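Note sheet for the following structure.
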There are 4 protein chains.
Amino acid sequence: MLERYRVRTDLALENSEKYEKDQAELSGVVIHRRENREKEITTTVVKIETDSGARAMGKPKGTYITLEAPNMKVPDRGFHREVSRELASHLKKMLPRKKDAVLVVGLGNRKITPDALGPCAVEHLRITRHILREYGERALGDERTPMISALVPGVMAQTGMETQEILQGVVRETRPDVILVIDALAARSTRRLNCTIQLTDTGISPGSGVGNYRCGLNMETLGVPVIGIGIPTVVDAGTIVHDAVSDLLESLEDAELDEFLAELISPSLREMFVTPKDIDDTISRLSFTISEGINLALSQR
Amino acid sequence: MLERYRVRTDLALENSEKYEKDQAELSGVVIHRRENREKEITTTVVKIETDSGARAMGKPKGTYITLEAPNMKVPDRGFHREVSRELASHLKKMLPRKKDAVLVVGLGNRKITPDALGPCAVEHLRITRHILREYGERALGDERTPMISALVPGVMAQTGMETQEILQGVVRETRPDVILVIDALAARSTRRLNCTIQLTDTGISPGSGVGNYRCGLNMETLGVPVIGIGIPTVVDAGTIVHDAVSDLLESLEDAELDEFLAELISPSLREMFVTPKDIDDTISRLSFTISEGINLALSQR
Amino acid sequence: MLERYRVRTDLALENSEKYEKDQAELSGVVIHRRENREKEITTTVVKIETDSGARAMGKPKGTYITLEAPNMKVPDRGFHREVSRELASHLKKMLPRKKDAVLVVGLGNRKITPDALGPCAVEHLRITRHILREYGERALGDERTPMISALVPGVMAQTGMETQEILQGVVRETRPDVILVIDALAARSTRRLNCTIQLTDTGISPGSGVGNYRCGLNMETLGVPVIGIGIPTVVDAGTIVHDAVSDLLESLEDAELDEFLAELISPSLREMFVTPKDIDDTISRLSFTISEGINLALSQR
Amino acid sequence: MLERYRVRTDLALENSEKYEKDQAELSGVVIHRRENREKEITTTVVKIETDSGARAMGKPKGTYITLEAPNMKVPDRGFHREVSRELASHLKKMLPRKKDAVLVVGLGNRKITPDALGPCAVEHLRITRHILREYGERALGDERTPMISALVPGVMAQTGMETQEILQGVVRETRPDVILVIDALAARSTRRLNCTIQLTDTGISPGSGVGNYRCGLNMETLGVPVIGIGIPTVVDAGTIVHDAVSDLLESLEDAELDEFLAELISPSLREMFVTPKDIDDTISRLSFTISEGINLALSQR
């Protein structure tokens, strides 16, 4: 029997939209949207509060904050500082009270342009752990900052190891209070690519940015709070076909449609992703926007 | 009025298949196919001999040799030496009689993984021009080799210049006898990605690999023979939607279908490309296969 | 007979210091130094006005402006914007009156960290030529900017061509009004590494940053004004030995010393360079400082 | 008081030469040298057998095998396969009997050319752990191979963590039977750069390649056998001054000389390294030589 073709999105916002479209009630999920017209940033907070909400959304219980800023697509010499500030303000609220040691993890494959967001963002971070441990607080002058460490673990094809295995070991040795995980995500809609930031206290599923599901990185698996920060940079190739065709075939029942699509969308397409032609500049810019957001959030205690 | 949506392919082979499928006669185009079962390489030679053939194919008159080797997708410690040898043997026949100075150009954007094929391939080439000019033939021992130079001009978003402008200048100064241009191509079918090499004496249209049409690089524009060597590494995002939908709508007339698709395939999709998730290893491997083919062809005079 | 060992420096400032030290008169050379204590930037203007001055200095006639800012060695989130501004103000004065088309060239080898300054700086530039040519001035909104193009020609071992040959061709095709050439330089003193910017209207000698003397890039060879912008990132390995030993042997006559040193400093050492252990961060930061200086100078007409 | 200036070398071979030069007896150290004239490889085995030998050599007890192959400096299309084979044969003998799971670690900073040897070598390895765990032995066909995993931990300035901390965690989670650690080393003599491979069963001191001493990676700290594989790619800048000057001052007593040199060699020089101007090609080539040696050793059980 054919596997159902499942449209994948890493954005809680997009899961919730499906329900809005259907005008279905989504119990256990609370959604707030706020628009800042001056800065042109729309902020949506999706709170999944119950198990049934989690099932309906296909995402774990927790808070998902999405910043949508269409201007992020436009080159900007300041690397979109106003978005960094917005990100920093949400991140500060999400950090646990004890945050003396922060581990930042840049997921993804630095050799594939749209998947290099995490590794690139980590490059611009201010790393302080080794300095504070060797010279103490005075080494950094007036600035108060936690011990910040960072890791770019690589992807399974490069390491042969699950990211979870690598991080479990590193967490046990270095005992951070909180982990920030940066990853490239997959969106459902090409419209959202590279102009949306999702921040969540539920951690992240590494590799999902380009489609290989790996075990989750979260409080349960790592033993400390894990905050996921992601930007959608790709859409699954099957998804754009799915969407085009399902519009055509609105009359079909959902079940029929799924079966039909599973046949139409070839397995080879499932091993492909879609990304914009200017993804190089985009990743270079967005990695700064994120790292600056983190730098701001961690230095302004 | 809506522009027709045009499915793009850089492979002459794929243009000709359309006609084969329609069982249409294609006057002015001669096609020969040869299969080497032992090496698992299929070689197709498409010769476009007349202007009407060129119009039908949407490609300039000339010879297009396509090597299809499904094994190229599989990692191989020898970087597919048998494909390199096959490429070298065809390339040698295509080179002009006078080939004392060869300029190799690696087109594409080294910062976008599937577009980095040209820049990567050039890195593995044996560059000899500066040695031969300074020390003469004896510097290279017994080996007889032409003066080989190379350039990675970058893409227009990085340089602000057409590749044609850059090459016209360099050709005028350094006067090569022949130019080899290596580029990532766009295929129509995902099945052909990363396992097909096209070799043509008609030059190449730079940037076409990711869809920005630039002025051609060929005998007319550069004043010396230009041989194009390309591997399809991406499919236009619109194309996979086009193909999925047109299968559904076979009953429509062609003109209706085009109009319908032009509406369906959003402009944003036209700025996107589709590529496999393991494109990093693929580019690393294929760039060796090509550079080794060129190294072999130029050293074995 | 032994070749004299020649200590190499690309900084006019260091040539002039030799004379200051010897309290020798240096006719035909005018030197002005100005210190900005607040910004901690020392600016030295060396004007070589006569042929005898040029011979004594071992540098062509022209103006050499050196900014020394020890703070440039310190990481700075703003990429040393105050240095960028100082650079921009000098650069604006040095630009010719007609500057509607500017070509920026990033010299050096992007694969060798201290030599990657030019290629990295070019990545952060705002390239406008292709936009202005296609859409006209209105495409850039209110901003008035010249047509900016850029090229990273690569080094001779990669291209087989002299940089001069490549640029002569490109200049003939694209006819810029002025060329800015960015290069990593060699200093004599390790103290100057990565905290000194030299700006000169005499152009530059590509490859000198890591020691391969190439034909000059200047008004004579390229036909348009050439402004050189460089930061010393390496010291020749022979130089640090030379300096250590010559201190020991002050009693020797100069000629004896040179002969002695030529014997002491092995040829293999001449193929080596010295650079700091944190050169990766340094290049990443300084390339921004320079590109931002250029961006500021060209947009503020 | 002045710290003595200590010439640093990571090569046991160079430590032992000092004694050979002085014709001093070196008790507890056994040295065997074998020359293969045909292959032009000299193999030296240094066995440090006693604590006094270890003190005299400044290196832990164990076996150090050095391959010297001057041809490694010459470009070679086969990436010096004969050296890879020699390396593989020694490595196989050094592997413990149980070697079903092998972790390979690429130390060093991939952004500094001479320090990128480890990260580059790891890229060419055949990683099998994830495949064997998911699909079992049959997934790899006839080939018998251990579970191979790999990690590029980064340097402390990037991570804020000791490499030891990272590896301790990863080893605890993934339980390899043996660890291979690849690192760029510092030599004392520029003559040895890039043409010498050291293989040792005593593990390695990460960061030593560019001079930051970190805690050791070895059986004691990681709990499993650690084999170090290194190539000297840099010389400390102080060392070349030391050697030049000490030749001049042979008449001085050792203690006087050390004091004198400590004054002469400025602290800034200690933060610098010396490396050849063609280090880019060299690292690209040598990383293949090493990875191929490992691939051969691990597949030929």
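Letters A, B, ... mark the chains of the structure tokens in the order given; residue numbers begin at 1 per chain; ligand numbers begin at 1, in order shown.
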Quick check for you: according to DSSP on this backbone, which residues of stretch 130-275 of chain C are classed as alpha helix (DSSP H)? Reply as an MDAnalysis selection string.
chainID C and resid 130:135 156:159 163:174 219:222 237:248 254:264 267:270
Pick out the residues sitting within 7 Å of stretch 98-107 of chain D, and hand them over as a ChimeraX atom specification; count only C-alpha atoms, and ignore anything fewer than 2 positions along from it in its own chain.
/D:96,118-119,122,146-154,176-183,206
Polymer residues at most 7 Å from B:Met72, only C-alpha atoms, same-chain spacing of 6 or more positions, as a PyMOL selection string
chain B and resi 80+194-195
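When only C-alpha atoms are used to compute distances to chain D, the closest of the residues A:Glu68, A:Glu14, A:Glu162, A:Asp115 turns out to be A:Glu162.
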Give me, as a Markdown table, the closest atom pair and its distance (Å, one decimal) for every residue of chain B within a cut-off of 6 Å of chain C, counting only C-alpha atoms, rows sorted by chain and rising number.
| residue | atom | partner | partner_atom | distance |
| --- | --- | --- | --- | --- |
| B:Ile127 | CA | C:Gly160 | CA | 5.8 |
| B:Arg129 | CA | C:Gly160 | CA | 4.8 |
| B:His130 | CA | C:Gly160 | CA | 4.6 |
| B:Ser149 | CA | C:Gly160 | CA | 4.6 |
| B:Ala150 | CA | C:Thr159 | CA | 4.5 |
| B:Leu151 | CA | C:Thr159 | CA | 5.7 |
| B:Thr159 | CA | C:Ala150 | CA | 4.5 |
| B:Gly160 | CA | C:His130 | CA | 4.6 |
| B:Glu165 | CA | C:Glu173 | CA | 5.9 |
| B:Ile166 | CA | C:Val170 | CA | 5.2 |
| B:Gly169 | CA | C:Gly169 | CA | 3.4 |
| B:Val170 | CA | C:Gly169 | CA | 4.8 |
| B:Glu173 | CA | C:Gly169 | CA | 5.7 |
Write a file of the selected residues as a PDB file, in the first residue's frame, keeping N, CA and C atoms.
ATOM      1  N   ILE B 127      47.120  23.655 -14.117  1.00  0.00           N
ATOM      2  CA  ILE B 127      47.333  24.936 -14.792  1.00  0.00           C
ATOM      3  C   ILE B 127      48.795  25.016 -15.209  1.00  0.00           C
ATOM      4  N   ARG B 129      50.012  27.391 -17.993  1.00  0.00           N
ATOM      5  CA  ARG B 129      50.403  28.530 -18.817  1.00  0.00           C
ATOM      6  C   ARG B 129      51.547  29.340 -18.204  1.00  0.00           C
ATOM      7  N   HIS B 130      51.442  29.668 -16.922  1.00  0.00           N
ATOM      8  CA  HIS B 130      52.473  30.497 -16.302  1.00  0.00           C
ATOM      9  C   HIS B 130      53.802  29.766 -16.217  1.00  0.00           C
ATOM     10  N   SER B 149      45.193  27.785 -18.999  1.00  0.00           N
ATOM     11  CA  SER B 149      44.871  28.830 -18.038  1.00  0.00           C
ATOM     12  C   SER B 149      43.430  28.632 -17.594  1.00  0.00           C
ATOM     13  N   ALA B 150      43.016  29.307 -16.532  1.00  0.00           N
ATOM     14  CA  ALA B 150      41.676  29.092 -15.997  1.00  0.00           C
ATOM     15  C   ALA B 150      41.158  30.359 -15.348  1.00  0.00           C
ATOM     16  N   LEU B 151      39.841  30.513 -15.365  1.00  0.00           N
ATOM     17  CA  LEU B 151      39.233  31.679 -14.739  1.00  0.00           C
ATOM     18  C   LEU B 151      37.900  31.273 -14.123  1.00  0.00           C
ATOM     19  N   THR B 159      29.606  40.422  -9.521  1.00  0.00           N
ATOM     20  CA  THR B 159      30.560  41.232 -10.298  1.00  0.00           C
ATOM     21  C   THR B 159      29.939  42.484 -10.902  1.00  0.00           C
ATOM     22  N   GLY B 160      28.634  42.490 -11.110  1.00  0.00           N
ATOM     23  CA  GLY B 160      28.011  43.594 -11.822  1.00  0.00           C
ATOM     24  C   GLY B 160      28.297  43.573 -13.315  1.00  0.00           C
ATOM     25  N   GLU B 165      31.366  39.942 -21.030  1.00  0.00           N
ATOM     26  CA  GLU B 165      32.261  41.098 -21.015  1.00  0.00           C
ATOM     27  C   GLU B 165      33.621  40.719 -20.437  1.00  0.00           C
ATOM     28  N   ILE B 166      33.577  39.981 -19.327  1.00  0.00           N
ATOM     29  CA  ILE B 166      34.833  39.600 -18.673  1.00  0.00           C
ATOM     30  C   ILE B 166      35.663  38.725 -19.600  1.00  0.00           C
ATOM     31  N   GLY B 169      37.302  40.393 -22.722  1.00  0.00           N
ATOM     32  CA  GLY B 169      38.537  41.088 -22.383  1.00  0.00           C
ATOM     33  C   GLY B 169      39.699  40.135 -22.191  1.00  0.00           C
ATOM     34  N   VAL B 170      39.464  39.088 -21.448  1.00  0.00           N
ATOM     35  CA  VAL B 170      40.545  38.143 -21.140  1.00  0.00           C
ATOM     36  C   VAL B 170      41.011  37.430 -22.408  1.00  0.00           C
ATOM     37  N   GLU B 173      43.291  39.617 -24.434  1.00  0.00           N
ATOM     38  CA  GLU B 173      44.641  39.754 -23.871  1.00  0.00           C
ATOM     39  C   GLU B 173      45.464  38.480 -23.986  1.00  0.00           C
TER      40      GLU B 173
END
Report the residues of stretch 65-232 of chain B whose backbone DSSP state falls under strand (DSSP E or B), written as a PDB file with C-alpha atoms, in the first residue's frame.
ATOM      1  CA  ILE B  65      27.096  14.640 -26.848  1.00  0.00           C
ATOM      2  CA  THR B  66      25.394  13.338 -23.741  1.00  0.00           C
ATOM      3  CA  LEU B  67      26.864  10.688 -21.463  1.00  0.00           C
ATOM      4  CA  GLU B  68      24.326   9.088 -19.137  1.00  0.00           C
ATOM      5  CA  ALA B 101      46.597  27.440 -25.542  1.00  0.00           C
ATOM      6  CA  VAL B 102      43.427  26.404 -23.738  1.00  0.00           C
ATOM      7  CA  LEU B 103      41.394  28.608 -21.412  1.00  0.00           C
ATOM      8  CA  VAL B 104      39.082  26.776 -19.015  1.00  0.00           C
ATOM      9  CA  VAL B 105      36.259  28.794 -17.455  1.00  0.00           C
ATOM     10  CA  GLY B 106      34.378  27.670 -14.351  1.00  0.00           C
ATOM     11  CA  MET B 147      49.324  26.193 -22.105  1.00  0.00           C
ATOM     12  CA  ILE B 148      46.347  25.802 -19.788  1.00  0.00           C
ATOM     13  CA  SER B 149      44.871  28.830 -18.038  1.00  0.00           C
ATOM     14  CA  ALA B 150      41.676  29.092 -15.997  1.00  0.00           C
ATOM     15  CA  LEU B 151      39.233  31.679 -14.739  1.00  0.00           C
ATOM     16  CA  VAL B 178      39.960  27.216 -27.619  1.00  0.00           C
ATOM     17  CA  ILE B 179      37.835  27.792 -24.521  1.00  0.00           C
ATOM     18  CA  LEU B 180      36.303  25.081 -22.356  1.00  0.00           C
ATOM     19  CA  VAL B 181      33.399  26.320 -20.287  1.00  0.00           C
ATOM     20  CA  ILE B 182      32.172  24.216 -17.364  1.00  0.00           C
ATOM     21  CA  ASP B 183      28.733  24.957 -15.949  1.00  0.00           C
ATOM     22  CA  ALA B 184      25.975  23.477 -13.838  1.00  0.00           C
ATOM     23  CA  LEU B 185      22.894  22.956 -15.997  1.00  0.00           C
ATOM     24  CA  ALA B 186      19.150  22.759 -15.482  1.00  0.00           C
ATOM     25  CA  ALA B 187      17.434  19.561 -16.553  1.00  0.00           C
ATOM     26  CA  THR B 196      24.502  13.092 -17.102  1.00  0.00           C
ATOM     27  CA  ILE B 197      27.301  15.029 -18.797  1.00  0.00           C
ATOM     28  CA  GLN B 198      26.638  17.162 -21.860  1.00  0.00           C
ATOM     29  CA  LEU B 199      29.501  18.164 -24.131  1.00  0.00           C
ATOM     30  CA  THR B 200      28.840  20.581 -26.958  1.00  0.00           C
ATOM     31  CA  ILE B 204      27.135  27.699 -23.339  1.00  0.00           C
ATOM     32  CA  LEU B 217      29.581  32.304 -24.768  1.00  0.00           C
ATOM     33  CA  VAL B 226      33.982  27.370 -27.257  1.00  0.00           C
ATOM     34  CA  ILE B 227      33.240  23.892 -25.939  1.00  0.00           C
ATOM     35  CA  GLY B 228      30.602  23.638 -23.238  1.00  0.00           C
ATOM     36  CA  ILE B 229      30.792  20.917 -20.595  1.00  0.00           C
ATOM     37  CA  GLY B 230      27.888  20.691 -18.203  1.00  0.00           C
ATOM     38  CA  ILE B 231      26.120  18.504 -15.699  1.00  0.00           C
ATOM     39  CA  PRO B 232      22.479  19.101 -14.774  1.00  0.00           C
TER      40      PRO B 232
END
Excluding same-chain residues fewer than 3 positions from stretch 26-42 of chain A, what lies within 7 Å of it counting only C-alpha atoms, as a count of residues only?
12
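Atom CA of B:Val274 is found 22.6 Å from atom CA of B:Ser16.
One distance worth recording is that between atom CA of B:Gly223 and atom CA of B:Thr289, which is 28.4 Å.
We find atom CA of A:Val234 and atom CA of C:Leu140 to be spaced 28.6 Å apart.
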I'd like the neighbourhood of B:Ile265 as an NGL selection string, where a residue qualifies if any of its atoms comes within 10 Å (using only C-alpha atoms), though same-chain residues fewer than 3 positions away should be ignored.
(:A and (240 or 244)) or (:B and (5 or 237-239 or 241-242 or 260-262 or 268-270))
